[in-house]
Structure formats: structure tokens, C-alpha cells
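File shown: structure.pdb (PDB, N, CA and C atoms, pLDDT in the B column).
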ATOM      1  N   MET A1281      -1.929 -11.008   4.496  1.00 91.00           N
ATOM      2  CA  MET A1281      -2.148 -10.095   5.594  1.00 91.00           C
ATOM      3  C   MET A1281      -2.859  -8.855   5.055  1.00 91.00           C
ATOM      4  N   ARG A1282      -3.875  -8.397   5.766  1.00 95.00           N
ATOM      5  CA  ARG A1282      -4.625  -7.211   5.333  1.00 95.00           C
ATOM      6  C   ARG A1282      -4.225  -5.980   6.141  1.00 95.00           C
ATOM      7  N   TYR A1283      -4.212  -4.852   5.458  1.00 97.00           N
ATOM      8  CA  TYR A1283      -3.844  -3.583   6.072  1.00 97.00           C
ATOM      9  C   TYR A1283      -4.879  -2.527   5.726  1.00 97.00           C
ATOM     10  N   GLU A1284      -5.121  -1.622   6.664  1.00 98.00           N
ATOM     11  CA  GLU A1284      -5.926  -0.434   6.394  1.00 98.00           C
ATOM     12  C   GLU A1284      -4.943   0.630   5.910  1.00 98.00           C
ATOM     13  N   VAL A1285      -5.197   1.181   4.743  1.00 98.00           N
ATOM     14  CA  VAL A1285      -4.258   2.127   4.135  1.00 98.00           C
ATOM     15  C   VAL A1285      -4.924   3.494   3.995  1.00 98.00           C
ATOM     16  N   GLU A1286      -4.224   4.515   4.430  1.00 97.00           N
ATOM     17  CA  GLU A1286      -4.666   5.897   4.266  1.00 97.00           C
ATOM     18  C   GLU A1286      -3.710   6.567   3.285  1.00 97.00           C
ATOM     19  N   VAL A1287      -4.258   7.113   2.213  1.00 97.00           N
ATOM     20  CA  VAL A1287      -3.451   7.722   1.155  1.00 97.00           C
ATOM     21  C   VAL A1287      -3.451   9.238   1.311  1.00 97.00           C
ATOM     22  N   LYS A1288      -2.264   9.836   1.157  1.00 96.00           N
ATOM     23  CA  LYS A1288      -2.121  11.289   1.156  1.00 96.00           C
ATOM     24  C   LYS A1288      -1.408  11.670  -0.133  1.00 96.00           C
ATOM     25  N   PHE A1289      -1.878  12.724  -0.765  1.00 94.00           N
ATOM     26  CA  PHE A1289      -1.319  13.120  -2.054  1.00 94.00           C
ATOM     27  C   PHE A1289      -0.294  14.238  -1.913  1.00 94.00           C
ATOM     28  N   HIS A1290       0.541  14.367  -2.926  1.00 94.00           N
ATOM     29  CA  HIS A1290       1.583  15.391  -3.040  1.00 94.00           C
ATOM     30  C   HIS A1290       2.717  15.187  -2.045  1.00 94.00           C
ATOM     31  N   LYS A1291       2.870  13.953  -1.546  1.00 93.00           N
ATOM     32  CA  LYS A1291       3.958  13.624  -0.631  1.00 93.00           C
ATOM     33  C   LYS A1291       4.504  12.268  -1.043  1.00 93.00           C
ATOM     34  N   ASP A1292       5.687  11.930  -0.554  1.00 94.00           N
ATOM     35  CA  ASP A1292       6.299  10.646  -0.894  1.00 94.00           C
ATOM     36  C   ASP A1292       6.855  10.012   0.378  1.00 94.00           C
ATOM     37  N   PHE A1293       6.055   9.133   1.004  1.00 96.00           N
ATOM     38  CA  PHE A1293       6.484   8.472   2.233  1.00 96.00           C
ATOM     39  C   PHE A1293       5.665   7.199   2.438  1.00 96.00           C
ATOM     40  N   ILE A1294       6.102   6.368   3.377  1.00 95.00           N
ATOM     41  CA  ILE A1294       5.334   5.203   3.808  1.00 95.00           C
ATOM     42  C   ILE A1294       5.591   4.995   5.293  1.00 95.00           C
ATOM     43  N   GLU A1295       4.522   4.894   6.081  1.00 96.00           N
ATOM     44  CA  GLU A1295       4.618   4.687   7.525  1.00 96.00           C
ATOM     45  C   GLU A1295       3.708   3.523   7.889  1.00 96.00           C
ATOM     46  N   ILE A1296       4.234   2.581   8.678  1.00 93.00           N
ATOM     47  CA  ILE A1296       3.453   1.420   9.074  1.00 93.00           C
ATOM     48  C   ILE A1296       3.344   1.385  10.585  1.00 93.00           C
ATOM     49  N   ASP A1297       2.116   1.202  11.074  1.00 94.00           N
ATOM     50  CA  ASP A1297       1.854   1.096  12.503  1.00 94.00           C
ATOM     51  C   ASP A1297       0.877  -0.061  12.703  1.00 94.00           C
ATOM     52  N   GLY A1298       1.416  -1.244  12.989  1.00 92.00           N
ATOM     53  CA  GLY A1298       0.567  -2.429  13.128  1.00 92.00           C
ATOM     54  C   GLY A1298      -0.053  -2.799  11.801  1.00 92.00           C
ATOM     55  N   ASN A1299      -1.400  -2.802  11.743  1.00 93.00           N
ATOM     56  CA  ASN A1299      -2.061  -3.131  10.479  1.00 93.00           C
ATOM     57  C   ASN A1299      -2.544  -1.879   9.754  1.00 93.00           C
ATOM     58  N   ARG A1300      -2.014  -0.723  10.141  1.00 97.00           N
ATOM     59  CA  ARG A1300      -2.356   0.541   9.467  1.00 97.00           C
ATOM     60  C   ARG A1300      -1.132   1.069   8.728  1.00 97.00           C
ATOM     61  N   ILE A1301      -1.375   1.539   7.520  1.00 97.00           N
ATOM     62  CA  ILE A1301      -0.297   2.086   6.699  1.00 97.00           C
ATOM     63  C   ILE A1301      -0.727   3.456   6.193  1.00 97.00           C
ATOM     64  N   SER A1302       0.146   4.448   6.322  1.00 97.00           N
ATOM     65  CA  SER A1302      -0.046   5.756   5.696  1.00 97.00           C
ATOM     66  C   SER A1302       0.949   5.839   4.558  1.00 97.00           C
ATOM     67  N   VAL A1303       0.459   6.226   3.386  1.00 97.00           N
ATOM     68  CA  VAL A1303       1.312   6.290   2.199  1.00 97.00           C
ATOM     69  C   VAL A1303       1.115   7.627   1.510  1.00 97.00           C
ATOM     70  N   GLY A1304       2.226   8.266   1.167  1.00 97.00           N
ATOM     71  CA  GLY A1304       2.180   9.483   0.378  1.00 97.00           C
ATOM     72  C   GLY A1304       2.413   9.139  -1.081  1.00 97.00           C
ATOM     73  N   LEU A1305       1.539   9.642  -1.951  1.00 97.00           N
ATOM     74  CA  LEU A1305       1.645   9.369  -3.382  1.00 97.00           C
ATOM     75  C   LEU A1305       1.803  10.669  -4.151  1.00 97.00           C
ATOM     76  N   THR A1306       2.585  10.607  -5.214  1.00 96.00           N
ATOM     77  CA  THR A1306       2.789  11.798  -6.049  1.00 96.00           C
ATOM     78  C   THR A1306       1.947  11.751  -7.319  1.00 96.00           C
ATOM     79  N   SER A1307       1.386  10.584  -7.646  1.00 94.00           N
ATOM     80  CA  SER A1307       0.552  10.458  -8.846  1.00 94.00           C
ATOM     81  C   SER A1307      -0.807  11.105  -8.620  1.00 94.00           C
ATOM     82  N   LYS A1308      -1.417  11.540  -9.714  1.00 90.00           N
ATOM     83  CA  LYS A1308      -2.758  12.098  -9.635  1.00 90.00           C
ATOM     84  C   LYS A1308      -3.768  10.963  -9.487  1.00 90.00           C
ATOM     85  N   PRO A1309      -4.830  11.202  -8.722  1.00 90.00           N
ATOM     86  CA  PRO A1309      -5.854  10.169  -8.563  1.00 90.00           C
ATOM     87  C   PRO A1309      -6.797  10.124  -9.767  1.00 90.00           C
ATOM     88  N   GLU A1310      -6.221   9.921 -10.938  1.00 92.00           N
ATOM     89  CA  GLU A1310      -6.999   9.866 -12.175  1.00 92.00           C
ATOM     90  C   GLU A1310      -6.637   8.609 -12.954  1.00 92.00           C
ATOM     91  N   LYS A1311      -7.637   7.950 -13.485  1.00 93.00           N
ATOM     92  CA  LYS A1311      -7.455   6.776 -14.350  1.00 93.00           C
ATOM     93  C   LYS A1311      -6.628   5.673 -13.683  1.00 93.00           C
ATOM     94  N   GLY A1312      -6.709   5.566 -12.357  1.00 93.00           N
ATOM     95  CA  GLY A1312      -6.018   4.490 -11.648  1.00 93.00           C
ATOM     96  C   GLY A1312      -4.533   4.693 -11.433  1.00 93.00           C
ATOM     97  N   GLU A1313      -4.008   5.872 -11.806  1.00 96.00           N
ATOM     98  CA  GLU A1313      -2.570   6.124 -11.660  1.00 96.00           C
ATOM     99  C   GLU A1313      -2.112   6.018 -10.208  1.00 96.00           C
ATOM    100  N   ALA A1314      -2.873   6.617  -9.292  1.00 96.00           N
ATOM    101  CA  ALA A1314      -2.490   6.592  -7.880  1.00 96.00           C
ATOM    102  C   ALA A1314      -2.560   5.175  -7.322  1.00 96.00           C
ATOM    103  N   ASN A1315      -3.554   4.401  -7.727  1.00 97.00           N
ATOM    104  CA  ASN A1315      -3.647   3.013  -7.259  1.00 97.00           C
ATOM    105  C   ASN A1315      -2.465   2.189  -7.754  1.00 97.00           C
ATOM    106  N   ARG A1316      -2.045   2.412  -8.994  1.00 97.00           N
ATOM    107  CA  ARG A1316      -0.871   1.698  -9.522  1.00 97.00           C
ATOM    108  C   ARG A1316       0.388   2.081  -8.746  1.00 97.00           C
ATOM    109  N   GLU A1317       0.536   3.373  -8.436  1.00 97.00           N
ATOM    110  CA  GLU A1317       1.698   3.811  -7.656  1.00 97.00           C
ATOM    111  C   GLU A1317       1.655   3.187  -6.257  1.00 97.00           C
ATOM    112  N   LEU A1318       0.472   3.131  -5.652  1.00 97.00           N
ATOM    113  CA  LEU A1318       0.325   2.522  -4.332  1.00 97.00           C
ATOM    114  C   LEU A1318       0.753   1.060  -4.352  1.00 97.00           C
ATOM    115  N   VAL A1319       0.289   0.307  -5.328  1.00 97.00           N
ATOM    116  CA  VAL A1319       0.630  -1.117  -5.425  1.00 97.00           C
ATOM    117  C   VAL A1319       2.138  -1.285  -5.606  1.00 97.00           C
ATOM    118  N   LYS A1320       2.753  -0.485  -6.470  1.00 97.00           N
ATOM    119  CA  LYS A1320       4.197  -0.578  -6.693  1.00 97.00           C
ATOM    120  C   LYS A1320       4.978  -0.244  -5.422  1.00 97.00           C
ATOM    121  N   LYS A1321       4.549   0.800  -4.715  1.00 97.00           N
ATOM    122  CA  LYS A1321       5.249   1.227  -3.504  1.00 97.00           C
ATOM    123  C   LYS A1321       5.141   0.164  -2.413  1.00 97.00           C
ATOM    124  N   LEU A1322       3.948  -0.412  -2.238  1.00 96.00           N
ATOM    125  CA  LEU A1322       3.776  -1.452  -1.224  1.00 96.00           C
ATOM    126  C   LEU A1322       4.545  -2.719  -1.595  1.00 96.00           C
ATOM    127  N   ALA A1323       4.555  -3.075  -2.881  1.00 96.00           N
ATOM    128  CA  ALA A1323       5.296  -4.262  -3.321  1.00 96.00           C
ATOM    129  C   ALA A1323       6.786  -4.087  -3.038  1.00 96.00           C
ATOM    130  N   LYS A1324       7.307  -2.913  -3.298  1.00 95.00           N
ATOM    131  CA  LYS A1324       8.723  -2.656  -3.032  1.00 95.00           C
ATOM    132  C   LYS A1324       9.011  -2.729  -1.534  1.00 95.00           C
ATOM    133  N   HIS A1325       8.142  -2.139  -0.732  1.00 94.00           N
ATOM    134  CA  HIS A1325       8.354  -2.142   0.716  1.00 94.00           C
ATOM    135  C   HIS A1325       8.315  -3.559   1.290  1.00 94.00           C
ATOM    136  N   PHE A1326       7.321  -4.350   0.881  1.00 92.00           N
ATOM    137  CA  PHE A1326       7.166  -5.702   1.408  1.00 92.00           C
ATOM    138  C   PHE A1326       8.009  -6.737   0.672  1.00 92.00           C
ATOM    139  N   LYS A1327       8.750  -6.296  -0.343  1.00 93.00           N
ATOM    140  CA  LYS A1327       9.626  -7.173  -1.129  1.00 93.00           C
ATOM    141  C   LYS A1327       8.858  -8.348  -1.736  1.00 93.00           C
ATOM    142  N   VAL A1328       7.749  -8.009  -2.397  1.00 94.00           N
ATOM    143  CA  VAL A1328       6.944  -8.988  -3.128  1.00 94.00           C
ATOM    144  C   VAL A1328       6.666  -8.407  -4.513  1.00 94.00           C
ATOM    145  N   SER A1329       6.137  -9.229  -5.407  1.00 95.00           N
ATOM    146  CA  SER A1329       5.790  -8.721  -6.737  1.00 95.00           C
ATOM    147  C   SER A1329       4.467  -7.950  -6.647  1.00 95.00           C
ATOM    148  N   THR A1330       4.224  -7.115  -7.628  1.00 96.00           N
ATOM    149  CA  THR A1330       2.987  -6.332  -7.632  1.00 96.00           C
ATOM    150  C   THR A1330       1.751  -7.227  -7.710  1.00 96.00           C
ATOM    151  N   SER A1331       1.893  -8.422  -8.238  1.00 95.00           N
ATOM    152  CA  SER A1331       0.750  -9.336  -8.326  1.00 95.00           C
ATOM    153  C   SER A1331       0.354  -9.881  -6.946  1.00 95.00           C
ATOM    154  N   GLN A1332       1.202  -9.675  -5.942  1.00 96.00           N
ATOM    155  CA  GLN A1332       0.900 -10.142  -4.592  1.00 96.00           C
ATOM    156  C   GLN A1332       0.276  -9.040  -3.725  1.00 96.00           C
ATOM    157  N   ILE A1333      -0.008  -7.899  -4.332  1.00 96.00           N
ATOM    158  CA  ILE A1333      -0.676  -6.793  -3.648  1.00 96.00           C
ATOM    159  C   ILE A1333      -2.055  -6.636  -4.286  1.00 96.00           C
ATOM    160  N   ARG A1334      -3.094  -6.616  -3.441  1.00 97.00           N
ATOM    161  CA  ARG A1334      -4.452  -6.506  -3.971  1.00 97.00           C
ATOM    162  C   ARG A1334      -5.218  -5.468  -3.163  1.00 97.00           C
ATOM    163  N   ILE A1335      -5.844  -4.518  -3.860  1.00 97.00           N
ATOM    164  CA  ILE A1335      -6.698  -3.540  -3.194  1.00 97.00           C
ATOM    165  C   ILE A1335      -8.060  -4.207  -3.035  1.00 97.00           C
ATOM    166  N   VAL A1336      -8.423  -4.498  -1.785  1.00 97.00           N
ATOM    167  CA  VAL A1336      -9.649  -5.225  -1.488  1.00 97.00           C
ATOM    168  C   VAL A1336     -10.857  -4.292  -1.553  1.00 97.00           C
ATOM    169  N   SER A1337     -10.710  -3.096  -0.993  1.00 97.00           N
ATOM    170  CA  SER A1337     -11.790  -2.119  -1.050  1.00 97.00           C
ATOM    171  C   SER A1337     -11.206  -0.717  -1.051  1.00 97.00           C
ATOM    172  N   GLY A1338     -11.994   0.237  -1.561  1.00 96.00           N
ATOM    173  CA  GLY A1338     -11.566   1.635  -1.572  1.00 96.00           C
ATOM    174  C   GLY A1338     -10.846   2.060  -2.826  1.00 96.00           C
ATOM    175  N   LEU A1339     -11.172   1.441  -3.967  1.00 95.00           N
ATOM    176  CA  LEU A1339     -10.485   1.803  -5.215  1.00 95.00           C
ATOM    177  C   LEU A1339     -10.598   3.297  -5.534  1.00 95.00           C
ATOM    178  N   LYS A1340     -11.709   3.923  -5.153  1.00 94.00           N
ATOM    179  CA  LYS A1340     -11.905   5.344  -5.460  1.00 94.00           C
ATOM    180  C   LYS A1340     -11.937   6.193  -4.195  1.00 94.00           C
ATOM    181  N   SER A1341     -11.227   5.746  -3.165  1.00 95.00           N
ATOM    182  CA  SER A1341     -11.229   6.430  -1.885  1.00 95.00           C
ATOM    183  C   SER A1341      -9.796   6.596  -1.373  1.00 95.00           C
ATOM    184  N   LYS A1342      -9.603   7.543  -0.454  1.00 95.00           N
ATOM    185  CA  LYS A1342      -8.293   7.704   0.176  1.00 95.00           C
ATOM    186  C   LYS A1342      -8.070   6.645   1.254  1.00 95.00           C
ATOM    187  N   SER A1343      -9.158   6.053   1.754  1.00 97.00           N
ATOM    188  CA  SER A1343      -9.073   4.970   2.743  1.00 97.00           C
ATOM    189  C   SER A1343      -9.298   3.653   2.026  1.00 97.00           C
ATOM    190  N   LYS A1344      -8.353   2.756   2.139  1.00 97.00           N
ATOM    191  CA  LYS A1344      -8.395   1.496   1.405  1.00 97.00           C
ATOM    192  C   LYS A1344      -8.093   0.329   2.334  1.00 97.00           C
ATOM    193  N   VAL A1345      -8.487  -0.848   1.903  1.00 98.00           N
ATOM    194  CA  VAL A1345      -8.053  -2.077   2.547  1.00 98.00           C
ATOM    195  C   VAL A1345      -7.233  -2.818   1.501  1.00 98.00           C
ATOM    196  N   VAL A1346      -5.997  -3.139   1.864  1.00 97.00           N
ATOM    197  CA  VAL A1346      -5.065  -3.775   0.931  1.00 97.00           C
ATOM    198  C   VAL A1346      -4.615  -5.106   1.510  1.00 97.00           C
ATOM    199  N   GLU A1347      -4.536  -6.105   0.650  1.00 96.00           N
ATOM    200  CA  GLU A1347      -4.062  -7.420   1.059  1.00 96.00           C
ATOM    201  C   GLU A1347      -2.688  -7.662   0.458  1.00 96.00           C
ATOM    202  N   VAL A1348      -1.754  -8.099   1.314  1.00 94.00           N
ATOM    203  CA  VAL A1348      -0.399  -8.432   0.866  1.00 94.00           C
ATOM    204  C   VAL A1348      -0.229  -9.932   1.045  1.00 94.00           C
ATOM    205  N   LEU A1349       0.021 -10.637  -0.051  1.00 92.00           N
ATOM    206  CA  LEU A1349       0.211 -12.076   0.005  1.00 92.00           C
ATOM    207  C   LEU A1349       1.678 -12.396   0.237  1.00 92.00           C
ATOM    208  N   ASN A1350       1.957 -13.215   1.234  1.00 81.00           N
ATOM    209  CA  ASN A1350       3.318 -13.678   1.559  1.00 81.00           C
ATOM    210  C   ASN A1350       4.309 -12.546   1.809  1.00 81.00           C
ATOM    211  N   PRO A1351       4.016 -11.614   2.738  1.00 68.00           N
ATOM    212  CA  PRO A1351       5.005 -10.567   3.028  1.00 68.00           C
ATOM    213  C   PRO A1351       6.225 -11.159   3.716  1.00 68.00           C
ATOM    214  N   GLU A1352       7.352 -10.482   3.594  1.00 64.00           N
ATOM    215  CA  GLU A1352       8.600 -10.935   4.210  1.00 64.00           C
ATOM    216  C   GLU A1352       8.583 -10.588   5.695  1.00 64.00           C
ATOM    217  N   ARG A1353       9.141 -11.458   6.504  1.00 57.00           N
ATOM    218  CA  ARG A1353       9.248 -11.207   7.950  1.00 57.00           C
ATOM    219  C   ARG A1353      10.702 -10.914   8.301  1.00 57.00           C
ATOM    220  N   ARG A1354      10.885  -9.952   9.204  1.00 51.00           N
ATOM    221  CA  ARG A1354      12.224  -9.649   9.723  1.00 51.00           C
ATOM    222  C   ARG A1354      12.131  -9.614  11.234  1.00 51.00           C
ATOM    223  N   GLY A1355      12.863 -10.498  11.898  1.00 49.00           N
ATOM    224  CA  GLY A1355      12.894 -10.507  13.352  1.00 49.00           C
ATOM    225  C   GLY A1355      11.526 -10.703  13.982  1.00 49.00           C
ATOM    226  N   GLY A1356      10.676 -11.531  13.380  1.00 50.00           N
ATOM    227  CA  GLY A1356       9.351 -11.774  13.923  1.00 50.00           C
ATOM    228  C   GLY A1356       8.332 -10.711  13.570  1.00 50.00           C
ATOM    229  N   GLU A1357       8.751  -9.639  12.913  1.00 54.00           N
ATOM    230  CA  GLU A1357       7.858  -8.553  12.527  1.00 54.00           C
ATOM    231  C   GLU A1357       7.602  -8.595  11.030  1.00 54.00           C
ATOM    232  N   TRP A1358       6.366  -8.302  10.634  1.00 52.00           N
ATOM    233  CA  TRP A1358       6.080  -8.150   9.202  1.00 52.00           C
ATOM    234  C   TRP A1358       6.636  -6.816   8.764  1.00 52.00           C
ATOM    235  N   VAL A1359       7.274  -6.789   7.638  1.00 52.00           N
ATOM    236  CA  VAL A1359       7.812  -5.529   7.120  1.00 52.00           C
ATOM    237  C   VAL A1359       6.979  -5.016   5.996  1.00 52.00           C
TER     238      VAL A1359
END
Output the file's structure in the form of C-alpha cells.
Amino acid sequence: MRYEVEVKFHKDFIEIDGNRISVGLTSKPEKGEANRELVKKLAKHFKVSTSQIRIVSGLKSKSKVVEVLNPERRGGEWV
């Protein structure tokens, strides 16, 4: 499943609205640190391993497209 992700810095949160996700990251956007934090945070939320999260586009942008392989479903909803 693919999601449009908007990253905000200096905050720590995750909000999902359909296929859009807003994520607050505390890591600096240097040397891939923020992207690693994003992948870890999404993997924890979707209860998958980090290898099942892939940044499809936007590696150097606040707007990204992320693919989650085999996300868990709860009550018919993707979590």
C-alpha cells in the first residue's frame, strides 16, 4: 500500500488520514538520519519490519511517497 507522507521536524507524532500520513521527526535531515527515523516509526506503527517500508520518492524532500508491504489490518481498516 502506498502513502503520501508529509514530514514535520522538531515534533514527535504520527497522523493517518486515508492514504496521507503526517509524521513528526526529531532527527536532523542530514545524512539520511530523518529518513531512517521515518522508516522505523512507520514500521512500528504498521507492525512490520523496517525492510517492509520503502521510500518510493522524495528522499531529499519533506513530501514523500512511501510503500508499506503487508500492513496489518484491524477491523477492515489499514493501520
Which residue out of A:Leu1349, A:Leu1339, A:Met1281, A:Ile1294 has the minimum interatomic distance to Gly1312 of chain A when only N, CA and C atoms are used?
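The shortest atom-to-atom distance to Gly1312 of chain A comes from A:Leu1339.
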Give as a list of chain:residue names each residue that has an atom at most 6.5 Å from (-1.0, 1.4, 5.0) in the file, counting all atoms listed in the file.
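Returned residue set, sorted by chain then number, is A:Tyr1283, A:Glu1284, A:Val1285, A:Glu1286, A:Glu1295, A:Ile1296, A:Asn1299, A:Arg1300, A:Ile1301, A:Ser1302, A:Val1303.
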I need the helix (DSSP H, G or I) residues of chain A per DSSP on the backbone, written as an mmCIF file with N, CA and C atoms, in the coordinates of the input.
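Generated file (part_0.cif):
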data_model
loop_
_atom_site.group_PDB
_atom_site.id
_atom_site.type_symbol
_atom_site.label_atom_id
_atom_site.label_comp_id
_atom_site.auth_asym_id
_atom_site.auth_seq_id
_atom_site.Cartn_x
_atom_site.Cartn_y
_atom_site.Cartn_z
ATOM 1 N N GLU A 1313 -4.008 5.872 -11.806
ATOM 2 C CA GLU A 1313 -2.570 6.124 -11.660
ATOM 3 C C GLU A 1313 -2.112 6.018 -10.208
ATOM 4 N N ALA A 1314 -2.873 6.617 -9.292
ATOM 5 C CA ALA A 1314 -2.490 6.592 -7.880
ATOM 6 C C ALA A 1314 -2.560 5.175 -7.322
ATOM 7 N N ASN A 1315 -3.554 4.401 -7.727
ATOM 8 C CA ASN A 1315 -3.647 3.013 -7.259
ATOM 9 C C ASN A 1315 -2.465 2.189 -7.754
ATOM 10 N N ARG A 1316 -2.045 2.412 -8.994
ATOM 11 C CA ARG A 1316 -0.871 1.698 -9.522
ATOM 12 C C ARG A 1316 0.388 2.081 -8.746
ATOM 13 N N GLU A 1317 0.536 3.373 -8.436
ATOM 14 C CA GLU A 1317 1.698 3.811 -7.656
ATOM 15 C C GLU A 1317 1.655 3.187 -6.257
ATOM 16 N N LEU A 1318 0.472 3.131 -5.652
ATOM 17 C CA LEU A 1318 0.325 2.522 -4.332
ATOM 18 C C LEU A 1318 0.753 1.060 -4.352
ATOM 19 N N VAL A 1319 0.289 0.307 -5.328
ATOM 20 C CA VAL A 1319 0.630 -1.117 -5.425
ATOM 21 C C VAL A 1319 2.138 -1.285 -5.606
ATOM 22 N N LYS A 1320 2.753 -0.485 -6.470
ATOM 23 C CA LYS A 1320 4.197 -0.578 -6.693
ATOM 24 C C LYS A 1320 4.978 -0.244 -5.422
ATOM 25 N N LYS A 1321 4.549 0.800 -4.715
ATOM 26 C CA LYS A 1321 5.249 1.227 -3.504
ATOM 27 C C LYS A 1321 5.141 0.164 -2.413
ATOM 28 N N LEU A 1322 3.948 -0.412 -2.238
ATOM 29 C CA LEU A 1322 3.776 -1.452 -1.224
ATOM 30 C C LEU A 1322 4.545 -2.719 -1.595
ATOM 31 N N ALA A 1323 4.555 -3.075 -2.881
ATOM 32 C CA ALA A 1323 5.296 -4.262 -3.321
ATOM 33 C C ALA A 1323 6.786 -4.087 -3.038
ATOM 34 N N LYS A 1324 7.307 -2.913 -3.298
ATOM 35 C CA LYS A 1324 8.723 -2.656 -3.032
ATOM 36 C C LYS A 1324 9.011 -2.729 -1.534
ATOM 37 N N HIS A 1325 8.142 -2.139 -0.732
ATOM 38 C CA HIS A 1325 8.354 -2.142 0.716
ATOM 39 C C HIS A 1325 8.315 -3.559 1.290
ATOM 40 N N PHE A 1326 7.321 -4.350 0.881
ATOM 41 C CA PHE A 1326 7.166 -5.702 1.408
ATOM 42 C C PHE A 1326 8.009 -6.737 0.672
ATOM 43 N N THR A 1330 4.224 -7.115 -7.628
ATOM 44 C CA THR A 1330 2.987 -6.332 -7.632
ATOM 45 C C THR A 1330 1.751 -7.227 -7.710
ATOM 46 N N SER A 1331 1.893 -8.422 -8.238
ATOM 47 C CA SER A 1331 0.750 -9.336 -8.326
ATOM 48 C C SER A 1331 0.354 -9.881 -6.946
ATOM 49 N N GLN A 1332 1.202 -9.675 -5.942
ATOM 50 C CA GLN A 1332 0.900 -10.142 -4.592
ATOM 51 C C GLN A 1332 0.276 -9.040 -3.725
#
Atom CA of Thr1306 of chain A and atom N of Phe1289 of chain A, how far apart in Å?
7.1 Å
His1290 of chain A surroundings by all atoms listed in the file, 7 Å radius, close-in-sequence under 3 positions cut, as a CSV table (one decimal) with N, CA and C atoms, in the coordinates of the input:
chain,number,residue,atom,x,y,z
A,1304,GLY,N,2.2,8.3,1.2
A,1304,GLY,CA,2.2,9.5,0.4
A,1304,GLY,C,2.4,9.1,-1.1
A,1305,LEU,N,1.5,9.6,-2.0
A,1305,LEU,CA,1.6,9.4,-3.4
A,1305,LEU,C,1.8,10.7,-4.2
A,1306,THR,N,2.6,10.6,-5.2
A,1306,THR,CA,2.8,11.8,-6.0
A,1306,THR,C,1.9,11.8,-7.3
A,1307,SER,N,1.4,10.6,-7.6
A,1307,SER,CA,0.6,10.5,-8.8
A,1307,SER,C,-0.8,11.1,-8.6
Taking all atoms of segment 1317-1331 of chain A that the file lists, what box with edges along x, y and z, padded by 4 Å per side, do you get, with centre and edge lengths in Å to one decimal, as lines of an AutoDock Vina configuration file?
center_x = 5.0
center_y = -3.0
center_z = -3.5
size_x = 17.3
size_y = 21.7
size_z = 17.8
Please identify all polymer residues within 12 Å of Asn1315 of chain A, counting only C-alpha atoms, omitting same-chain residues fewer than 5 positions from it, and present them as a PyMOL selection string.
chain A and resi 1285-1289+1303-1310+1320-1322+1330+1333-1346
Filtered DSSP result for chain A, state strand (DSSP E), as a count of residues only
34
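You will find atom N of Val1348 of chain A at 13.3 Å from atom CA of Gly1298 of chain A.
If you look at atom C of Val1328 of chain A and atom N of Asp1297 of chain A, they are 18.9 Å away from each other.
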